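Trainee: The structure follows.
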Amino acid sequence: MIKLDLSNVSSKVIGDEGLDLASIFNEYNPKIQDIITGLNMKKDKPGSWLQWMNLGYNEETVWYVKEFAAMVDGRFDNVLVLGIGGSVLGAMALSEALLKPYWNFLDNEKRENYPKIFFLDNIDPDQITALLNTLDLRKTLVNVITKSGSTAETMSQFMIIKDRLYELLGDDYRKNIVATTDNHSGILRQLANEEGYKTFVVPDDVGGRFSVFSAVGLVPLALVGIDIDEIIRGIKIMDLALKNTDVTKNIAAQNALVHYLMDIKKGKYLSVMMPYSSRLKYISNWYAQLWAESLGKEYDRNGNKINNRPTPIKALGVTDQHSQMQLYSEGANDKIITFIRVGEFDNTLEIPNIFEYTGLNYLGGKTINRLINAEADATAVSLANCNRPNLTIHLPKINEYYLAQLFYMFEMQTAIIGELYDIDAFNQPGVEQAKNYTYALMGRIGYEESAHELNEKINSNKEIYSV
Ligand code: PA5
């Protein structure tokens, strides 16, 4: 199993900036018990948005996803995933971690004949044009993913690509499309029914940022040969472990409690996510969305205005030791830093002993593997020496089983900390508002009033400067 090392958040190590772990576990154990029992009891209640807790048991979806992947096996050179936010961040992070690095540059043999994979999660005209000029769409399977079925970014991408596919393939274009969307509602569901696309379902009561283990993440991952059975095995074992209501045995509860108390008692509301592996780089993006959208809320459940402040920061070890670490060590002591340390990398790379200089020969004959983990350990200790709280998640290896454990633990940790803050961690009114404003500015019927109001705001009180 993955492990959580909390030594450097303990007051034994970082003094007054830290927490007395034994005493807080003791004090909060009854509350954590209530929270975990409560989440498990209400997870099947419609409208509780907790169906993500059941995704490890969705054998039927796994079966259909694998059947589809087998059916299209060998037919496509590329998979192109269209989506934004929770609809793609999980699959992006997991595919980057689990596929061989530089996957799209590898030849067919090295990719074991699985397709290349591309994600479009922005609407930059230059990027989209360049991608369309690169990909042979006739040999591309397009997986369009949107729960609402109407998100402007995803649907505009889809409209451009569907049009091109139709030009190239005529009526057969639909064979190159697989849509993942709500089972009943939304324009994409309607389109899929009318035009006959293959579809998968974003289950009811699973929000975007908690959807990675539904068809949203599993379809693209299975299409490039990632072992989704191992993912399911990882979720199940972690789910079982996290059903334990004793905080001393539940790492998601511990991490939630530590982050919560570090915020409200010690003023450390910035949560830095810093994996020490380039393959894990996009985990920080996925985590940033999970943390920010779930916890950044204006009101608590009793309607008190709280403007909740936990704020994620994305970082990468060792790279950001040379860009952000100065701030973390000596700037405001308002952060709690999470390191992810990989036990065993797939490759071992020795540094040749080729220079006699004393400033270099200490490296020769050692491995880069040893260097990266030495740097992770050194950074953790050096921050602790400056009384900066940090914790390390030990990932034994980068594989489906351990990453599923890690992602599921973060999801549960987010749900638990949401309960500690007493907020609704599963809505996103701020995101919805921005979506509605976009519809208004783009002239969608029904949004005329907002459009008028917005245009007035945009055009008044302008202060634009130039040299
Ligand atoms: O987590 C969320 O709910 C959001 O980030 C959504 O995933 C994102 O806004 C995309 O929405 P949709 O899947 O409806 O296109």
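Each chain in the structure tokens gets a letter, A, B and so on, in the order shown; residues start at 1 in every chain, and ligands are counted from 1 in the order they appear.
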Please, which residues have at least one atom within 6 Å of an atom of ligand 1, using only C-alpha atoms and all ligand atoms, listed as JSON, numbers by chain?
Mentor: {"A": [84, 85, 86, 87, 146, 147, 148, 149, 151, 207, 208, 209]}
Trainee: What lies within 9 Å of A:Phe158 using only C-alpha atoms, ignoring chain neighbours under 6 positions off, as a list in words?
Mentor: Leu82, Val142 and Val144 of chain A
Trainee: Keeping only N, CA, C and O atoms, write the selected residues to a file as a short mmCIF file (atom, residue, chain, number, x, y, z; two decimals), in the first residue's frame.
Mentor:
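Heads up, here's the output in out07.cif:
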```cif
data_model
loop_
_atom_site.label_atom_id
_atom_site.label_comp_id
_atom_site.auth_asym_id
_atom_site.auth_seq_id
_atom_site.Cartn_x
_atom_site.Cartn_y
_atom_site.Cartn_z
N LEU A 82 -11.40 15.00 -26.09
CA LEU A 82 -11.90 16.38 -25.98
C LEU A 82 -12.63 16.53 -24.66
O LEU A 82 -13.50 15.73 -24.34
N VAL A 142 -12.11 9.79 -31.72
CA VAL A 142 -12.34 11.00 -30.93
C VAL A 142 -13.25 10.66 -29.75
O VAL A 142 -14.38 10.21 -29.94
N VAL A 144 -15.18 12.34 -27.00
CA VAL A 144 -15.65 13.63 -26.49
C VAL A 144 -16.32 13.39 -25.14
O VAL A 144 -17.20 12.54 -25.01
#
```
Trainee: According to DSSP computed on the backbone, where in stretch 28-212 of chain A is there helix (DSSP H, G or I)? Give the residues as a PyMOL selection string.
Mentor: chain A and resi 28-42+51-57+59-72+85-87+89-98+103-105+125-134+137-139+152-176+187-195+208-210
Trainee: With a cut-off of 10 Å, could you pull out the residues of stretch 235-351 of chain A touching stretch 377-381 of chain A and give me the nearest pair of atoms for each, distance in Å to one decimal, using only C-alpha atoms, ordered by chain and ascending number, as a tab-separated table?
Mentor:
```
residue	atom	partner	partner_atom	distance
A:Gly317	CA	A:Thr379	CA	9.5
A:Val318	CA	A:Thr379	CA	9.2
A:Gln321	CA	A:Thr379	CA	8.0
A:Met325	CA	A:Thr379	CA	8.6
A:Ser329	CA	A:Thr379	CA	9.4
A:Ile337	CA	A:Ala380	CA	8.9
A:Thr338	CA	A:Ala380	CA	9.4
A:Phe339	CA	A:Ala380	CA	8.0
A:Arg341	CA	A:Asp377	CA	8.8
```
Trainee: Take the residues that were just selected and, keeping C-alpha atoms, output them as a PDB file, in the first residue's frame.
Mentor:
```pdb
ATOM      1  CA  GLY A 317      10.420  17.849  -7.873  1.00  0.00           C
ATOM      2  CA  VAL A 318      13.278  18.334  -8.446  1.00  0.00           C
ATOM      3  CA  GLN A 321      13.556  23.214  -6.115  1.00  0.00           C
ATOM      4  CA  MET A 325      11.921  26.385  -2.986  1.00  0.00           C
ATOM      5  CA  SER A 329      11.933  27.904   2.841  1.00  0.00           C
ATOM      6  CA  ILE A 337       3.882  20.813   1.182  1.00  0.00           C
ATOM      7  CA  THR A 338       3.102  17.307  -0.029  1.00  0.00           C
ATOM      8  CA  PHE A 339       5.923  15.353  -1.627  1.00  0.00           C
ATOM      9  CA  ARG A 341       8.315   9.941  -3.462  1.00  0.00           C
TER      10      ARG A 341
END
```
Trainee: Can you tell me, as an mmCIF file with C-alpha atoms, in the first residue's frame, what residues are no more than 6 Å from stretch 351-353 of chain A when counting only C-alpha atoms, ignoring any on the same chain fewer than 3 positions away?
Mentor:
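After the write, part_13.cif holds the following:
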```cif
data_model
loop_
_atom_site.group_PDB
_atom_site.id
_atom_site.type_symbol
_atom_site.label_atom_id
_atom_site.label_comp_id
_atom_site.auth_asym_id
_atom_site.auth_seq_id
_atom_site.Cartn_x
_atom_site.Cartn_y
_atom_site.Cartn_z
ATOM 1 C CA GLY A 364 30.087 9.103 -10.599
ATOM 2 C CA GLY A 365 29.078 5.483 -10.088
ATOM 3 C CA LYS A 366 25.851 6.442 -8.288
ATOM 4 C CA THR A 367 22.449 6.287 -9.934
#
```
Trainee: Need to verify the contact set: stretch 168-173 of chain A, 9 Å, only C-alpha atoms, exclusion of same-chain residues closer than 6 positions in sequence. Can you return it as a list of chain:residue names?
Mentor: A:Leu137, A:Arg138, A:Lys162
Trainee: Enumerate, as a list in words, the complete set of residues in stretch 40-232 of chain A that a backbone-based DSSP assignment places in strand (DSSP E).
Mentor: Asn78, Val79, Leu80, Val81, Leu82, Lys116, Ile117, Phe118, Phe119, Leu120, Thr140, Leu141, Val142, Asn143, Val144, Ile145, Thr146, Ile177, Val178, Ala179, Thr180, Thr181, Asp182, Lys198, Thr199, Phe200, Val201 and Val202 of chain A
